Every structure is written in structure tokens, then in C-alpha cells.
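Here's the structure, in C-alpha cells; my notes come after.
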Amino acid sequence: MSIATAAEIAQAIRNVPDFPKPGIQFKDITPVLADAHLFSSSIDLLTEGFAPGSIDAVVGIDARGFIFAAAAAKKLEAGFIPVRKKGKLPYTTIEQDYALEYGHATVAIHTDALKPGARVLLLDDLLATGGTAAAAAALVQKLGAHIVGIGFVIELKFLHGREKLAGLPVRSLVTY
């Protein structure tokens with residue numbers, strides 16, 4: 001069976017109006033995850049251009065990014081590294097704050113998660129304003145690792161999140 005196209009993946013993404021609050025049009029990836037062909041294809045597309053052994057670690061952003069990053073790590077024969085919300089990792093961490101629409105949040109990574117010079121693919125399900133992804137990228141770079149790619153299933157282009165990742169190789173499968 002051939003790889004599904006980004007357009008086919010886009011057709012499966014469900015729009016949920018007014019979730020989690022009025023005015024938000026939530027992009028639900030669960031139909032993509034439930035379809036083995038679409039899920040597998042999304043991993044193939046996110047890892048396109050990377051061969052097994054070309055990546056040392058795939059970093060996934062809490063929480064839906066874990067789904068794609070873990071599957072990509074398996075495919076690329078690389079380690080999986082989680083970037084989690086503050087207070088969720090059990091060992092010594094470094095943290096990065098970032099701005100939200102109202103307030104701020106913090107993400108963390110274990111201090112020994114990546115070796116200096118490690119080749120990293122950073123994955124998440126959605127690029128919106130870019131704050132979380134930029135904070136995760138900063139953590140990877142603080143550990144001395146090299147980001148060789150950043151991938152998203154969905155990008156909300158009108159929120160300009162890509163601007164916070166300027167200079168980094170960013171790929172999105174579906175844009176709105």
C-alpha cells in the first residue's frame with residue numbers, strides 16, 4: 001500500500017468548534033491515529049529524508065507529540081526523549097519558560113537526555129503560536145544537541161508560530 005498524502009491526512013482531521021472554549025476551532029487528530037494507514041503515513045511523511053541511524057534521538061513535546069515522536073523513533077532506530085510540563089519528569093531537569101496568551105508555562109527535559117552533538121528530530125502534533133516548540137528547541141540546544149528537523153502534523157499558519165522557530169528546519173504536513 002502506498003503512503004497516504006498530506007491531503008488525505010488533512011481530510012481525516014476533525015474540526016471541533018468551540019473546544020476547549022468558545023471561538024476555538026480545535027483540530028482533532030484522533031481520526032488520523034485511529035486509521036492505521038493514515039497514522040503510519042503521517043510517520044513516514046514526518047521522517048521523510050531521514051534514514052535509520054541518521055538521527056540519534058526524536059524529541060516529542062508533551063503530550064500528543066509523544067505519539068508521533070515515539071513511532072518516529074522506532075522507525076528511525078533512535079531514542080525517544082520527552083519534553084514535559086514542569087514537575088512531570090522524575091530526574092534532574094533543565095527548564096524553559098514561554099509565554100501563553102494569558103500568563104506563562106514551563107517545559108522541562110532531563111539534564112542527561114541528550115549528549116552534546118546529538119542529531120535530533122523534534123516532533124509535535126500542532127504548531128500554533130510556536131511558544132511550546134521554541135521552548136522545546138531551546139532545551140535541546142541548551143544540552144548541546146543539534147536540531148536537524150522539526151516536524152508537525154498540523155500548522156495553524158495564521159498564528160505565525162514558525163517565526164519563533166526562525167533559522168530551524170521546520171516541516172508541517174497540513175496547514176490551515
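Residues are referred to by chain and number: the chain letter is A, B, ... according to the order shown in the C-alpha cells, the number counts from 1 in that chain, and ligands are numbered separately from 1 in the order shown.
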
Next item on the list: Just the residues within 6 Å of Thr175 in chain A, please, counting only C-alpha atoms, with nothing from its chain fewer than 4 positions along; format it as a list in words.
Entry: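 Non-adjacent residues within range: Ile154, Glu155 and Leu156 of chain A.
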
Notebook entry, point to check: Can you list, as a VMD selection string, every residue of range 70-124 of chain A that DSSP puts in alpha helix (DSSP H)?
Noted result: chain A and resid 70 to 76

Closest contacts (range 76-151 of chain A/range 46-63 of chain A, max 10 Å, only C-alpha atoms) as a Markdown table:
```
| residue | atom | partner | partner_atom | distance |
| --- | --- | --- | --- | --- |
| A:Leu76 | CA | A:Pro52 | CA | 4.0 |
| A:Glu77 | CA | A:Pro52 | CA | 5.4 |
| A:Ala78 | CA | A:Ala57 | CA | 5.0 |
| A:Gly79 | CA | A:Ala57 | CA | 4.5 |
| A:Phe80 | CA | A:Val58 | CA | 5.0 |
| A:Ile81 | CA | A:Val59 | CA | 4.6 |
| A:Pro82 | CA | A:Gly60 | CA | 5.1 |
| A:Val83 | CA | A:Ile61 | CA | 5.0 |
| A:Arg84 | CA | A:Asp62 | CA | 5.0 |
| A:Lys85 | CA | A:Asp62 | CA | 6.7 |
| A:Lys88 | CA | A:Asp62 | CA | 9.9 |
| A:Val107 | CA | A:Asp62 | CA | 8.6 |
| A:Ala108 | CA | A:Ile61 | CA | 9.9 |
| A:Ile109 | CA | A:Val59 | CA | 9.7 |
| A:Ala113 | CA | A:Ala57 | CA | 9.1 |
| A:Leu114 | CA | A:Ala57 | CA | 7.7 |
| A:Lys115 | CA | A:Asp56 | CA | 9.3 |
| A:Gly117 | CA | A:Asp56 | CA | 9.4 |
| A:Ala118 | CA | A:Asp56 | CA | 5.8 |
| A:Arg119 | CA | A:Asp56 | CA | 5.1 |
| A:Val120 | CA | A:Ala57 | CA | 5.1 |
| A:Leu121 | CA | A:Val58 | CA | 4.8 |
| A:Leu122 | CA | A:Val59 | CA | 4.7 |
| A:Leu123 | CA | A:Gly60 | CA | 5.1 |
| A:Asp124 | CA | A:Ile61 | CA | 5.6 |
| A:Asp125 | CA | A:Ile61 | CA | 8.5 |
| A:Leu126 | CA | A:Ile61 | CA | 9.9 |
| A:Thr132 | CA | A:Ile61 | CA | 8.0 |
| A:Ala133 | CA | A:Ile61 | CA | 7.6 |
| A:Ala135 | CA | A:Ile61 | CA | 10.0 |
| A:Ala136 | CA | A:Ile61 | CA | 7.2 |
| A:Ala137 | CA | A:Val59 | CA | 9.3 |
| A:Val140 | CA | A:Val59 | CA | 8.4 |
| A:Ala145 | CA | A:Ala57 | CA | 9.6 |
| A:His146 | CA | A:Asp56 | CA | 9.9 |
| A:Ile147 | CA | A:Ile55 | CA | 9.6 |
| A:Val148 | CA | A:Ile55 | CA | 8.2 |
| A:Gly149 | CA | A:Thr47 | CA | 9.0 |
| A:Ile150 | CA | A:Leu46 | CA | 8.8 |
| A:Gly151 | CA | A:Leu46 | CA | 6.0 |
```

Notebook entry, point to check: Among range 6-162 of chain A, which ones does DSSP place in strand (DSSP E or B), written as a PyMOL selection string?
Noted result: chain A and resi 14-17+25-28+57-61+79-85+93-100+103-110+119-127+146-155

Next item on the list: Considering only C-alpha atoms, return as a list of chain:residue names whatever protein or nucleic-acid residues lie within 12 Å of Ala7 in chain A, sequence-local ones (same chain, fewer than 2 positions apart) excluded.
Entry: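 Non-adjacent residues within range: A:Ile3, A:Ala4, A:Thr5, A:Ile9, A:Ala10, A:Gln11, A:Ala12, A:Ile13, A:Val32, A:Leu38, A:Ser41, A:Ser42, A:Leu45, A:Val153, A:Ile154, A:Ser172, A:Leu173, A:Val174, A:Thr175, A:Tyr176.
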
Create the file for the chosen residues now, containing C-alpha atoms and written as a short mmCIF file (atom, residue, chain, number, x, y, z; two decimals), in the first residue's frame.
```
data_model
loop_
_atom_site.label_atom_id
_atom_site.label_comp_id
_atom_site.auth_asym_id
_atom_site.auth_seq_id
_atom_site.Cartn_x
_atom_site.Cartn_y
_atom_site.Cartn_z
CA ILE A 3 1.83 6.26 1.61
CA ALA A 4 -1.23 8.44 2.12
CA THR A 5 -0.80 12.03 1.01
CA ILE A 9 -4.41 13.10 6.23
CA ALA A 10 -5.98 16.58 6.20
CA GLN A 11 -9.35 15.10 5.19
CA ALA A 12 -9.32 12.92 8.31
CA ILE A 13 -8.57 15.75 10.75
CA VAL A 32 -5.75 10.03 11.93
CA LEU A 38 -3.05 7.39 7.88
CA SER A 41 1.75 7.53 6.59
CA SER A 42 1.97 10.54 8.91
CA LEU A 45 5.95 11.86 5.97
CA VAL A 153 1.26 17.19 11.60
CA ILE A 154 -0.71 20.47 11.62
CA SER A 172 4.35 20.70 8.51
CA LEU A 173 2.15 18.14 6.80
CA VAL A 174 -1.13 20.09 6.87
CA THR A 175 -1.55 23.87 7.11
CA TYR A 176 -4.62 25.91 7.89
#
```

Checklist line | Asn15 in chain A environment, 9 Å, only C-alpha atoms, sequence neighbours closer than 6 positions dropped, as a list in words | finding: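 Answer for this query is Gln25, Phe26, Lys27 and Asp28 of chain A.
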
Next item on the list: Go through A:Ala134, A:His104, A:Phe152, A:Asp112 one by one, measure the shortest atom-to-atom distance of each to Phe66 in chain A using only C-alpha atoms, and give the residue with the smallest value.
Entry: A:Phe152

Next item on the list: Could you please determine the separation between CA of Ala70 in chain A and CA of Leu33 in chain A in Å, to one decimal place?
Entry: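 Distance between the two atoms: 13.2 Å.
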
Checklist line | Coordinates-based distance that separates CA of Pro17 in chain A from CA of Leu100 in chain A (Å, one decimal) | finding: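 Between these atoms lies a distance of 21.0 Å.
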
Check: Of the candidates A:Ala166, A:Ala36, A:Thr111, A:Leu159, which one gets nearest to Pro90 in chain A if we count only C-alpha atoms?
Finding: A:Thr111

Check: Counting only C-alpha atoms, what is within 12 Å of Glu163 in chain A, bar same-chain residues fewer than 6 positions away, as a list in words?
Finding: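 Within the cut-off, the hits are Leu127, Ala128, Thr129, Gly130, Gly131, Ala133, Ala134, Lys157, Pro169 and Val170 of chain A.
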
Next item on the list: Grab the CA of Ile94 in chain A to CA of Lys164 in chain A distance for me, in Å with one decimal place.
Entry: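 CA of Lys164 in chain A lies at a distance of 20.2 Å from CA of Ile94 in chain A.
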